[in-house]
file entry13.txt (compact mmCIF, C-alpha atoms and all ligand atoms)
# COMPACT_ATOMS: atom_id res chain seq x y z
CA MET A 1 9.80 -77.86 1.44
CA SER A 2 9.94 -78.61 5.18
CA ALA A 3 10.48 -75.84 7.70
CA PRO A 4 14.11 -75.36 8.77
CA ARG A 5 14.84 -76.46 12.35
CA GLY A 6 18.52 -75.54 12.61
CA VAL A 7 19.07 -71.97 13.79
CA CYS A 8 22.19 -70.02 14.61
CA PHE A 9 21.05 -67.24 16.98
CA ILE A 10 23.50 -64.34 17.32
CA GLY A 11 22.97 -61.79 20.11
CA ILE A 12 21.45 -63.23 23.27
CA GLY A 13 20.99 -60.03 25.27
CA ASN A 14 17.82 -58.88 27.04
CA MET A 15 15.62 -59.92 24.11
CA GLY A 16 17.68 -62.53 22.30
CA TRP A 17 18.01 -64.75 25.38
CA PRO A 18 14.28 -65.35 25.88
CA MET A 19 13.64 -65.51 22.11
CA ALA A 20 16.32 -68.17 21.60
CA THR A 21 14.93 -69.99 24.63
CA ARG A 22 11.53 -70.17 22.93
CA LEU A 23 13.18 -71.68 19.83
CA VAL A 24 14.94 -74.33 21.92
CA GLN A 25 11.65 -75.12 23.67
CA SER A 26 9.93 -75.49 20.28
CA GLY A 27 12.35 -78.29 19.37
CA CYS A 28 14.80 -76.38 17.15
CA ASP A 29 18.50 -77.18 17.00
CA VAL A 30 19.75 -73.80 18.25
CA ALA A 31 23.38 -72.65 18.38
CA VAL A 32 23.80 -69.35 20.24
CA SER A 33 26.55 -66.76 20.15
CA ASP A 34 27.16 -63.47 21.92
CA ALA A 35 30.01 -60.96 22.15
CA VAL A 36 29.97 -61.22 25.96
CA ALA A 37 32.38 -63.98 26.96
CA GLY A 38 30.68 -66.94 28.68
CA ARG A 39 27.13 -65.81 27.91
CA ALA A 40 26.52 -68.47 25.24
CA ASP A 41 27.77 -71.20 27.63
CA GLN A 42 25.47 -69.86 30.37
CA PHE A 43 22.59 -70.00 27.93
CA ALA A 44 23.30 -73.59 26.91
CA GLN A 45 23.57 -74.64 30.55
CA ALA A 46 20.31 -72.92 31.48
CA ASN A 47 18.21 -73.70 28.41
CA GLY A 48 19.84 -76.37 26.30
CA GLY A 49 20.97 -75.67 22.74
CA THR A 50 24.63 -75.30 21.86
CA ALA A 51 27.12 -72.54 22.55
CA ALA A 52 28.74 -71.86 19.17
CA SER A 53 32.46 -71.99 19.84
CA ASP A 54 33.17 -71.79 16.09
CA LEU A 55 30.53 -69.41 14.73
CA VAL A 56 31.31 -69.94 11.03
CA ALA A 57 31.00 -73.71 11.48
CA ALA A 58 27.76 -73.27 13.46
CA VAL A 59 26.33 -71.14 10.65
CA LYS A 60 27.42 -73.64 7.98
CA ALA A 61 25.69 -76.47 9.82
CA ARG A 62 22.30 -74.72 10.04
CA ASP A 63 19.86 -73.28 7.51
CA VAL A 64 18.78 -70.13 9.33
CA VAL A 65 20.76 -67.35 11.00
CA ILE A 66 18.94 -64.98 13.34
CA THR A 67 20.53 -61.73 14.49
CA MET A 68 19.20 -59.85 17.54
CA LEU A 69 21.77 -57.12 17.94
CA PRO A 70 21.67 -53.48 19.11
CA THR A 71 22.08 -51.77 15.71
CA SER A 72 22.50 -52.41 11.99
CA GLY A 73 26.19 -51.55 12.47
CA HIS A 74 26.51 -54.61 14.75
CA VAL A 75 24.63 -56.72 12.19
CA GLU A 76 26.98 -55.59 9.40
CA ALA A 77 30.00 -56.55 11.51
CA VAL A 78 28.53 -59.98 12.34
CA VAL A 79 27.58 -60.65 8.71
CA ALA A 80 31.16 -59.84 7.64
CA GLY A 81 32.45 -62.25 10.29
CA ILE A 82 30.24 -65.17 9.23
CA ALA A 83 30.57 -64.59 5.46
CA GLY A 84 32.67 -67.77 5.13
CA GLY A 85 29.80 -69.86 6.52
CA LEU A 86 26.96 -68.39 4.47
CA ARG A 87 25.89 -70.32 1.37
CA GLN A 88 23.16 -70.62 -1.22
CA GLY A 89 19.78 -71.28 0.43
CA HIS A 90 20.64 -69.77 3.81
CA ILE A 91 18.00 -67.47 5.30
CA LEU A 92 19.26 -64.62 7.48
CA ILE A 93 16.55 -63.06 9.65
CA ASP A 94 17.54 -59.77 11.23
CA MET A 95 15.20 -59.37 14.22
CA SER A 96 17.06 -56.31 15.53
CA SER A 97 15.36 -52.92 15.29
CA GLY A 98 17.66 -51.91 12.48
CA ALA A 99 17.84 -49.26 9.80
CA PRO A 100 15.93 -50.25 6.63
CA ALA A 101 18.52 -48.79 4.22
CA ALA A 102 21.37 -50.69 5.91
CA THR A 103 19.38 -53.93 5.89
CA ARG A 104 18.54 -53.51 2.21
CA ALA A 105 22.24 -53.02 1.44
CA ILE A 106 23.10 -56.23 3.35
CA ALA A 107 20.31 -58.07 1.52
CA GLU A 108 21.59 -56.91 -1.84
CA ARG A 109 25.17 -57.91 -1.05
CA LEU A 110 24.18 -61.37 0.19
CA SER A 111 21.78 -62.05 -2.67
CA SER A 112 24.81 -62.60 -4.93
CA LYS A 113 25.63 -65.60 -2.69
CA GLY A 114 22.06 -66.88 -2.85
CA VAL A 115 21.39 -65.90 0.78
CA ILE A 116 17.91 -64.52 1.44
CA VAL A 117 17.68 -61.71 3.99
CA LEU A 118 14.47 -61.01 5.88
CA ASP A 119 13.84 -58.42 8.57
CA ALA A 120 11.59 -59.29 11.48
CA PRO A 121 11.89 -56.78 14.31
CA VAL A 122 9.71 -57.25 17.34
CA SER A 123 7.63 -55.33 19.86
CA GLY A 124 6.45 -56.31 23.30
CA GLY A 125 9.59 -56.09 25.40
CA VAL A 126 11.27 -58.69 27.57
CA SER A 127 8.05 -59.86 29.26
CA ARG A 128 6.40 -60.83 25.96
CA ALA A 129 9.66 -62.31 24.65
CA ILE A 130 9.60 -64.68 27.65
CA THR A 131 6.02 -65.77 27.02
CA GLY A 132 6.46 -65.95 23.22
CA ASP A 133 3.81 -63.27 22.66
CA LEU A 134 5.85 -60.78 20.66
CA ALA A 135 4.41 -58.74 17.81
CA ILE A 136 6.67 -59.41 14.83
CA MET A 137 6.86 -57.09 11.79
CA THR A 138 8.37 -58.78 8.78
CA GLY A 139 9.81 -57.61 5.51
CA GLY A 140 11.06 -59.66 2.58
CA ASP A 141 10.36 -62.55 0.25
CA ALA A 142 6.97 -64.16 0.91
CA GLU A 143 8.14 -67.71 0.16
CA ALA A 144 11.06 -67.42 2.58
CA LEU A 145 8.69 -65.96 5.18
CA ASP A 146 6.43 -68.98 4.71
CA ARG A 147 9.39 -71.29 5.36
CA VAL A 148 10.43 -69.59 8.60
CA ASP A 149 6.89 -69.02 9.82
CA PRO A 150 7.10 -71.85 12.43
CA LEU A 151 10.23 -70.23 13.87
CA LEU A 152 8.55 -66.83 14.10
CA LYS A 153 5.47 -68.43 15.66
CA ALA A 154 7.65 -69.90 18.41
CA MET A 155 8.54 -66.33 19.42
CA GLY A 156 5.48 -64.26 18.58
CA THR A 157 1.73 -64.39 18.33
CA THR A 158 1.10 -61.57 15.86
CA ILE A 159 3.17 -61.78 12.72
CA HIS A 160 2.58 -58.97 10.26
CA ARG A 161 3.87 -58.95 6.70
CA ILE A 162 4.70 -55.33 6.02
CA GLY A 163 6.39 -55.34 2.59
CA ALA A 164 9.81 -55.70 0.98
CA VAL A 165 12.93 -56.28 3.06
CA GLY A 166 13.43 -53.33 5.44
CA ALA A 167 9.71 -52.59 5.65
CA GLY A 168 9.41 -54.38 9.00
CA GLN A 169 12.17 -52.22 10.43
CA ALA A 170 10.59 -49.02 9.09
CA MET A 171 7.34 -50.05 10.78
CA LYS A 172 9.16 -50.89 14.02
CA ALA A 173 10.87 -47.48 14.16
CA LEU A 174 7.53 -45.76 13.57
CA ASN A 175 5.89 -47.86 16.27
CA ASN A 176 8.57 -46.78 18.72
CA LEU A 177 8.14 -43.16 17.64
CA VAL A 178 4.49 -43.35 18.70
CA SER A 179 5.42 -45.21 21.87
CA ALA A 180 8.18 -42.72 22.79
CA GLY A 181 5.90 -39.74 22.23
CA GLY A 182 3.16 -41.31 24.34
CA PHE A 183 5.56 -42.03 27.17
CA LEU A 184 6.96 -38.47 27.19
CA MET A 185 3.51 -36.91 27.18
CA ALA A 186 2.27 -39.17 29.98
CA VAL A 187 5.25 -38.33 32.18
CA GLU A 188 4.87 -34.61 31.50
CA ALA A 189 1.18 -34.86 32.46
CA LEU A 190 2.14 -36.53 35.76
CA VAL A 191 4.68 -33.79 36.46
CA ILE A 192 2.10 -31.06 35.79
CA GLY A 193 -0.49 -32.89 37.86
CA GLN A 194 1.84 -33.39 40.80
CA GLN A 195 2.76 -29.69 40.71
CA PHE A 196 -0.94 -28.95 40.88
CA GLY A 197 -1.28 -31.28 43.85
CA LEU A 198 -2.61 -34.44 42.21
CA ASP A 199 -1.32 -37.86 43.22
CA PRO A 200 0.51 -39.44 40.23
CA HIS A 201 -0.70 -42.91 41.26
CA VAL A 202 -4.30 -41.73 41.15
CA MET A 203 -3.60 -39.92 37.88
CA THR A 204 -2.29 -43.15 36.37
CA ASP A 205 -5.47 -44.98 37.41
CA VAL A 206 -7.63 -42.23 35.90
CA LEU A 207 -5.66 -42.15 32.64
CA ASN A 208 -6.00 -45.93 32.38
CA ALA A 209 -9.77 -45.64 32.73
CA SER A 210 -9.96 -42.73 30.29
CA THR A 211 -9.04 -41.65 26.78
CA GLY A 212 -5.51 -40.65 27.83
CA MET A 213 -4.61 -44.33 28.25
CA ASN A 214 -1.68 -45.68 26.23
CA ASN A 215 0.84 -48.49 26.54
CA SER A 216 3.04 -46.37 28.81
CA THR A 217 0.24 -45.39 31.18
CA GLN A 218 -0.74 -49.06 31.38
CA LYS A 219 2.60 -50.80 31.50
CA LYS A 220 5.33 -48.34 32.41
CA LEU A 221 4.34 -45.43 34.68
CA ARG A 222 3.48 -47.37 37.82
CA GLN A 223 5.79 -50.33 37.12
CA PHE A 224 9.03 -48.51 36.29
CA VAL A 225 8.68 -44.77 37.00
CA LEU A 226 6.57 -44.39 40.15
CA SER A 227 8.23 -47.51 41.59
CA ARG A 228 11.60 -45.80 40.85
CA LYS A 229 12.83 -49.15 39.47
CA PHE A 230 13.63 -47.94 35.94
CA ASP A 231 14.36 -51.52 34.85
CA SER A 232 12.07 -52.41 31.93
CA GLY A 233 14.98 -54.05 30.06
CA PHE A 234 14.90 -51.68 27.06
CA GLY A 235 17.82 -49.28 26.95
CA LEU A 236 17.53 -45.50 26.58
CA ASP A 237 20.25 -45.57 23.91
CA LEU A 238 18.22 -48.10 21.92
CA MET A 239 15.15 -45.85 21.99
CA VAL A 240 17.23 -42.90 20.74
CA LYS A 241 18.51 -45.18 17.95
CA ASP A 242 14.94 -46.15 16.99
CA LEU A 243 13.83 -42.51 16.90
CA SER A 244 16.85 -41.63 14.75
CA ILE A 245 15.83 -44.39 12.32
CA ALA A 246 12.26 -43.07 12.19
CA LEU A 247 13.57 -39.59 11.33
CA GLU A 248 15.98 -41.07 8.78
CA VAL A 249 13.08 -42.84 7.06
CA GLY A 250 11.17 -39.55 7.09
CA ARG A 251 14.13 -37.65 5.67
CA ASP A 252 14.74 -40.24 2.95
CA HIS A 253 11.16 -39.81 1.80
CA ALA A 254 10.84 -36.05 2.29
CA ALA A 255 8.17 -36.38 4.98
CA PRO A 256 7.88 -33.38 7.33
CA THR A 257 8.68 -34.49 10.91
CA PRO A 258 8.58 -31.47 13.27
CA LEU A 259 7.04 -33.24 16.27
CA SER A 260 9.08 -36.40 15.74
CA ALA A 261 12.28 -34.33 15.63
CA LEU A 262 11.39 -32.65 18.94
CA CYS A 263 10.57 -36.03 20.44
CA ARG A 264 13.94 -37.46 19.39
CA GLU A 265 15.70 -34.37 20.71
CA MET A 266 14.12 -34.91 24.15
CA TRP A 267 15.17 -38.56 24.27
CA ALA A 268 18.69 -37.74 23.05
CA SER A 269 18.95 -34.99 25.69
CA ALA A 270 17.95 -37.46 28.39
CA ALA A 271 20.58 -39.92 27.16
CA ALA A 272 23.22 -37.17 27.27
CA MET A 273 22.09 -36.03 30.73
CA LEU A 274 21.83 -39.48 32.31
CA GLY A 275 24.84 -41.18 30.69
CA LYS A 276 25.30 -44.74 29.44
CA GLY A 277 23.54 -47.87 30.65
CA GLN A 278 20.16 -46.30 31.43
CA ASP A 279 16.79 -47.91 30.97
CA HIS A 280 14.53 -45.97 28.58
CA THR A 281 11.99 -45.33 31.36
CA ALA A 282 14.64 -43.22 33.13
CA ILE A 283 13.82 -40.41 30.68
CA ALA A 284 11.20 -39.44 33.28
CA LYS A 285 14.12 -37.97 35.24
CA LEU A 286 14.60 -35.36 32.49
CA SER A 287 11.02 -34.11 32.87
CA GLU A 288 11.42 -34.23 36.65
CA ALA A 289 14.69 -32.27 36.52
CA MET A 290 13.16 -29.58 34.30
CA ALA A 291 10.30 -29.14 36.78
CA GLY A 292 12.40 -29.64 39.93
CA VAL A 293 10.19 -32.46 41.23
CA THR A 294 10.42 -36.19 41.84
CA LEU A 295 7.31 -38.08 40.80
CA GLY A 296 5.66 -39.84 43.70
CA GLU A 297 7.01 -37.43 46.30
CA ALA A 298 4.23 -35.24 47.76
CA THR A 299 4.64 -31.67 46.47
CA LYS A 300 1.22 -30.25 47.12
CA LYS A 301 1.75 -26.67 45.97
CA VAL A 302 -1.75 -25.72 44.93
CA GLY A 303 -3.95 -28.69 45.68
CA PRO A 304 -7.07 -29.73 43.81
CA THR A 305 -10.19 -27.60 44.12
CA LYS A 306 -12.29 -28.64 47.13
CA ALA A 307 -15.71 -30.03 46.32
P1 LIG B 401 20.96 -55.95 24.46
O1 LIG B 401 22.00 -54.90 24.44
O2 LIG B 401 20.41 -56.41 25.75
O3 LIG B 401 21.48 -57.25 23.67
C1 LIG B 401 22.28 -57.19 22.53
C2 LIG B 401 23.25 -58.34 22.61
O4 LIG B 401 24.04 -58.36 21.43
C3 LIG B 401 24.24 -58.22 23.78
O5 LIG B 401 24.21 -59.39 24.58
C4 LIG B 401 25.59 -58.02 23.11
O6 LIG B 401 26.68 -58.59 23.84
C5 LIG B 401 25.35 -58.73 21.79
N1 LIG B 401 26.29 -58.34 20.76
C6 LIG B 401 26.70 -57.09 20.41
N2 LIG B 401 27.59 -57.17 19.40
C7 LIG B 401 27.72 -58.48 19.09
C8 LIG B 401 28.49 -59.19 18.14
N3 LIG B 401 29.30 -58.56 17.30
N4 LIG B 401 28.41 -60.54 18.12
C9 LIG B 401 27.59 -61.19 18.99
N5 LIG B 401 26.83 -60.57 19.91
C10 LIG B 401 26.91 -59.23 19.96
O7 LIG B 401 19.81 -55.42 23.51
P2 LIG B 401 18.28 -55.92 23.46
O8 LIG B 401 17.48 -55.11 24.42
O9 LIG B 401 18.25 -57.40 23.50
O10 LIG B 401 17.89 -55.40 22.01
C11 LIG B 401 18.31 -56.06 20.82
C12 LIG B 401 17.57 -55.41 19.66
O11 LIG B 401 16.15 -55.57 19.85
C13 LIG B 401 17.81 -53.90 19.52
O12 LIG B 401 17.81 -53.55 18.17
C14 LIG B 401 16.60 -53.29 20.24
O13 LIG B 401 16.33 -51.99 19.80
C15 LIG B 401 15.52 -54.29 19.92
N6 LIG B 401 14.40 -54.39 20.85
C16 LIG B 401 14.60 -54.39 22.20
C17 LIG B 401 13.50 -54.51 23.07
C18 LIG B 401 13.65 -54.51 24.57
O14 LIG B 401 12.63 -54.39 25.27
N7 LIG B 401 14.84 -54.67 25.12
C19 LIG B 401 12.21 -54.65 22.53
C20 LIG B 401 12.05 -54.69 21.15
C21 LIG B 401 13.15 -54.56 20.31
call {"tool": "encode", "arguments": {"input": "entry13.txt", "output": "structure tokens", "more": "lines below"}}
Ligand code: NAD
result
Amino acid sequence: MSAPRGVCFIGIGNMGWPMATRLVQSGCDVAVSDAVAGRADQFAQANGGTAASDLVAAVKARDVVITMLPTSGHVEAVVAGIAGGLRQGHILIDMSSGAPAATRAIAERLSSKGVIVLDAPVSGGVSRAITGDLAIMTGGDAEALDRVDPLLKAMGTTIHRIGAVGAGQAMKALNNLVSAGGFLMAVEALVIGQQFGLDPHVMTDVLNASTGMNNSTQKKLRQFVLSRKFDSGFGLDLMVKDLSIALEVGRDHAAPTPLSALCREMWASAAAMLGKGQDHTAIAKLSEAMAGVTLGEATKKVGPTKA
């Protein structure tokens, strides 16, 4: 069976926009839709593809539906809205970082219509979505995954098959748990170091040449925290959601999660302190506030030991 080329892409936000762009560039017939008025038209003008003015009709006319939405709640609402367009043989790929249990429930409901649901959340952020280098973690039927493989390869370079539907999303939440913990620890180390009199820029260089290196020390500290830009394109609320999913998976399977729970608590506290619309890298301001410092500002209290 040939690979499907018609895709209805729902949710063209920070990630969905560049991902749908990659599909258009790969030669797919892409119809886009977003809750923000005018965004789909802007997309079609900038990238080609079609703005789906009638979403149910756009779904009916294509074989694959991709959702890239904030939460599983949004996906559930969208699926209810397009139910009239879904038919036997459709493949719905939820690429959002969703909740495995919710995705499994959607998959079960839609299976009675002959619709196959796959989950394929991604990692790599906006920069790797633009270059088509995302890491994609898939869950679901192997044959359906074979069919949509060319679509996934237009958006990502590493495509992992994790297990049954929902397994990709469990993996994604756990990836972000590790990432969130690493970011918090790196920021706290910079705060301690600056209090001691170390330069956080120098510290970042040393961490990146040493065993303390992680994705945040390499790609976030200098770029978004020390620069004070806080504009990575991944929302603080979305990180809290991912950590909540990781804990939910732990709870569902009776896994002890003391450190993960503390980590989520810190991120949720930052979200409460900073308010809506924050980038996830702004959590550094929580650590700064607790210590009464601003990273990058000289606060030489003690100073390093002289040689
Ligand atoms: P975003 O908020 O930028 O985009 C979500 C888009 O969905 C918005 O444009 C919004 O208008 C649209 N939307 C919401 N409800 C809708 C509806 N009912 N119908 C149509 N459109 C609707 O979020 P994002 O950063 O693109 O993230 C999307 C998903 O990908 C999330 O699950 C997130 O956790 C995950 N993710 C994000 C990143 C990142 O770096 N931003 C990286 C990996 C994974």
call {"tool": "residues_near_ligand", "arguments": {"input": "entry13.txt", "ligand": "ligand LIG 401 (chain B)", "cutoff": "8 Å", "atoms": "all atoms listed in the file", "output": "PyMOL selection string"}}
result
chain A and resi 10-17+33-36+39+68-72+74-75+77-78+95-98+121-126+232-235+238-239+241-242
call {"tool": "write_last_selection", "arguments": {"input": "entry13.txt", "atoms": "C-alpha atoms", "output": "short mmCIF file (atom, residue, chain, number, x, y, z; two decimals), in the frame of the given file"}}
result
data_model
loop_
_atom_site.label_atom_id
_atom_site.label_comp_id
_atom_site.auth_asym_id
_atom_site.auth_seq_id
_atom_site.Cartn_x
_atom_site.Cartn_y
_atom_site.Cartn_z
CA ILE A 10 23.50 -64.34 17.32
CA GLY A 11 22.97 -61.79 20.11
CA ILE A 12 21.45 -63.23 23.27
CA GLY A 13 20.99 -60.03 25.27
CA ASN A 14 17.82 -58.88 27.04
CA MET A 15 15.62 -59.92 24.11
CA GLY A 16 17.68 -62.53 22.30
CA TRP A 17 18.01 -64.75 25.38
CA SER A 33 26.55 -66.76 20.15
CA ASP A 34 27.16 -63.47 21.92
CA ALA A 35 30.01 -60.96 22.15
CA VAL A 36 29.97 -61.22 25.96
CA ARG A 39 27.13 -65.81 27.91
CA MET A 68 19.20 -59.85 17.54
CA LEU A 69 21.77 -57.12 17.94
CA PRO A 70 21.67 -53.48 19.11
CA THR A 71 22.08 -51.77 15.71
CA SER A 72 22.50 -52.41 11.99
CA HIS A 74 26.51 -54.61 14.75
CA VAL A 75 24.63 -56.72 12.19
CA ALA A 77 30.00 -56.55 11.51
CA VAL A 78 28.53 -59.98 12.34
CA MET A 95 15.20 -59.37 14.22
CA SER A 96 17.06 -56.31 15.53
CA SER A 97 15.36 -52.92 15.29
CA GLY A 98 17.66 -51.91 12.48
CA PRO A 121 11.89 -56.78 14.31
CA VAL A 122 9.71 -57.25 17.34
CA SER A 123 7.63 -55.33 19.86
CA GLY A 124 6.45 -56.31 23.30
CA GLY A 125 9.59 -56.09 25.40
CA VAL A 126 11.27 -58.69 27.57
CA SER A 232 12.07 -52.41 31.93
CA GLY A 233 14.98 -54.05 30.06
CA PHE A 234 14.90 -51.68 27.06
CA GLY A 235 17.82 -49.28 26.95
CA LEU A 238 18.22 -48.10 21.92
CA MET A 239 15.15 -45.85 21.99
CA LYS A 241 18.51 -45.18 17.95
CA ASP A 242 14.94 -46.15 16.99
#
call {"tool": "residues_around", "arguments": {"input": "entry13.txt", "residues": "Phe224 of chain A", "least_positions_apart": "5", "cutoff": "12 Å", "atoms": "all atoms listed in the file", "output": "list of chain:residue names"}}
result
A:Phe183, A:Val187, A:Ser216, A:Thr217, A:Gln218, A:Lys219, A:Lys229, A:Phe230, A:Asp231, A:Ser232, A:Gly233, A:Phe234, A:Asp279, A:His280, A:Thr281, A:Ala282, A:Ile283, A:Ala284, A:Lys285, A:Leu295, A:Gly296
call {"tool": "atom_distance", "arguments": {"input": "entry13.txt", "atom1": "atom CA of Asp141 of chain A", "atom2": "atom CA of Gly163 of chain A"}}
result
8.6 Å
call {"tool": "atom_distance", "arguments": {"input": "entry13.txt", "atom1": "atom CA of Ala102 of chain A", "atom2": "atom CA of Leu236 of chain A"}}
result
21.7 Å
call {"tool": "residues_around", "arguments": {"input": "entry13.txt", "residues": "Ala52 of chain A", "least_positions_apart": "4", "cutoff": "6 Å", "atoms": "all atoms listed in the file", "output": "list in words"}}
result
Ala31, Val32, Ser33 and Ala58 of chain A
call {"tool": "closest_residue", "arguments": {"input": "entry13.txt", "among": "A:Ser287, A:Gln223, A:Asn47, A:Gln278", "to": "Val191 of chain A", "atoms": "only C-alpha atoms"}}
result
A:Ser287
call {"tool": "closest_atom_pairs", "arguments": {"input": "entry13.txt", "of": "segment 64-142 of chain A", "to": "segment 252-260 of chain A", "cutoff": "12 Å", "atoms": "only C-alpha atoms", "output": "JSON lines"}}
result
{"residue": "A:Ala99", "atom": "CA", "partner": "A:Asp252", "partner_atom": "CA", "distance": 11.7}
{"residue": "A:Pro100", "atom": "CA", "partner": "A:Asp252", "partner_atom": "CA", "distance": 10.7}
{"residue": "A:Ala101", "atom": "CA", "partner": "A:Asp252", "partner_atom": "CA", "distance": 9.4}
call {"tool": "atom_distance", "arguments": {"input": "entry13.txt", "atom1": "atom CA of Ile116 of chain A", "atom2": "atom CA of Ala154 of chain A"}}
result
20.5 Å
call {"tool": "closest_residue", "arguments": {"input": "entry13.txt", "among": "A:Gly250, A:Gly27, A:Pro18, A:Pro150", "to": "Gly132 of chain A", "atoms": "only C-alpha atoms"}}
result
A:Pro18
call {"tool": "closest_residue", "arguments": {"input": "entry13.txt", "among": "A:Val178, A:Val7, A:Val148, A:Ala61", "to": "Asp29 of chain A", "atoms": "all atoms listed in the file"}}
result
A:Val7
call {"tool": "closest_residue", "arguments": {"input": "entry13.txt", "among": "A:Ile162, A:Ala51, A:Ala261, A:Ile82", "to": "Ala37 of chain A", "atoms": "all atoms listed in the file"}}
result
A:Ala51
call {"tool": "residues_around", "arguments": {"input": "entry13.txt", "residues": "Glu297 of chain A", "least_positions_apart": "2", "cutoff": "9 Å", "atoms": "only C-alpha atoms", "output": "list of chain:residue names"}}
result
A:Gln194, A:Asp199, A:Val293, A:Thr294, A:Leu295, A:Thr299
call {"tool": "closest_residue", "arguments": {"input": "entry13.txt", "among": "A:Val64, A:Gln42, A:Val115, A:Leu23", "to": "Ala83 of chain A", "atoms": "only C-alpha atoms"}}
result
A:Val115
call {"tool": "closest_residue", "arguments": {"input": "entry13.txt", "among": "A:Ala186, A:Pro4, A:Arg22, A:Leu55", "to": "Leu134 of chain A", "atoms": "all atoms listed in the file"}}
result
A:Arg22
call {"tool": "residues_around", "arguments": {"input": "entry13.txt", "residues": "Ile136 of chain A", "least_positions_apart": "5", "cutoff": "12 Å", "atoms": "all atoms listed in the file", "output": "PyMOL selection string"}}
result
chain A and resi 19+93-97+118-125+128-129+145+149+151-162+167-169+171-172+175
call {"tool": "axis_aligned_box", "arguments": {"input": "entry13.txt", "around": "segment 191-199 of chain A", "padding_each_side": "5 Å", "output": "JSON"}}
result
{"center_x": 1.0, "center_y": -33.4, "center_z": 39.8, "size_x": 17.3, "size_y": 18.9, "size_z": 18.1}
call {"tool": "residues_around", "arguments": {"input": "entry13.txt", "residues": "Leu243 of chain A", "least_positions_apart": "2", "cutoff": "8 Å", "atoms": "all atoms listed in the file", "output": "MDAnalysis selection string"}}
result
chainID A and resid 173:174 176:177 239:241 245:247 260 264
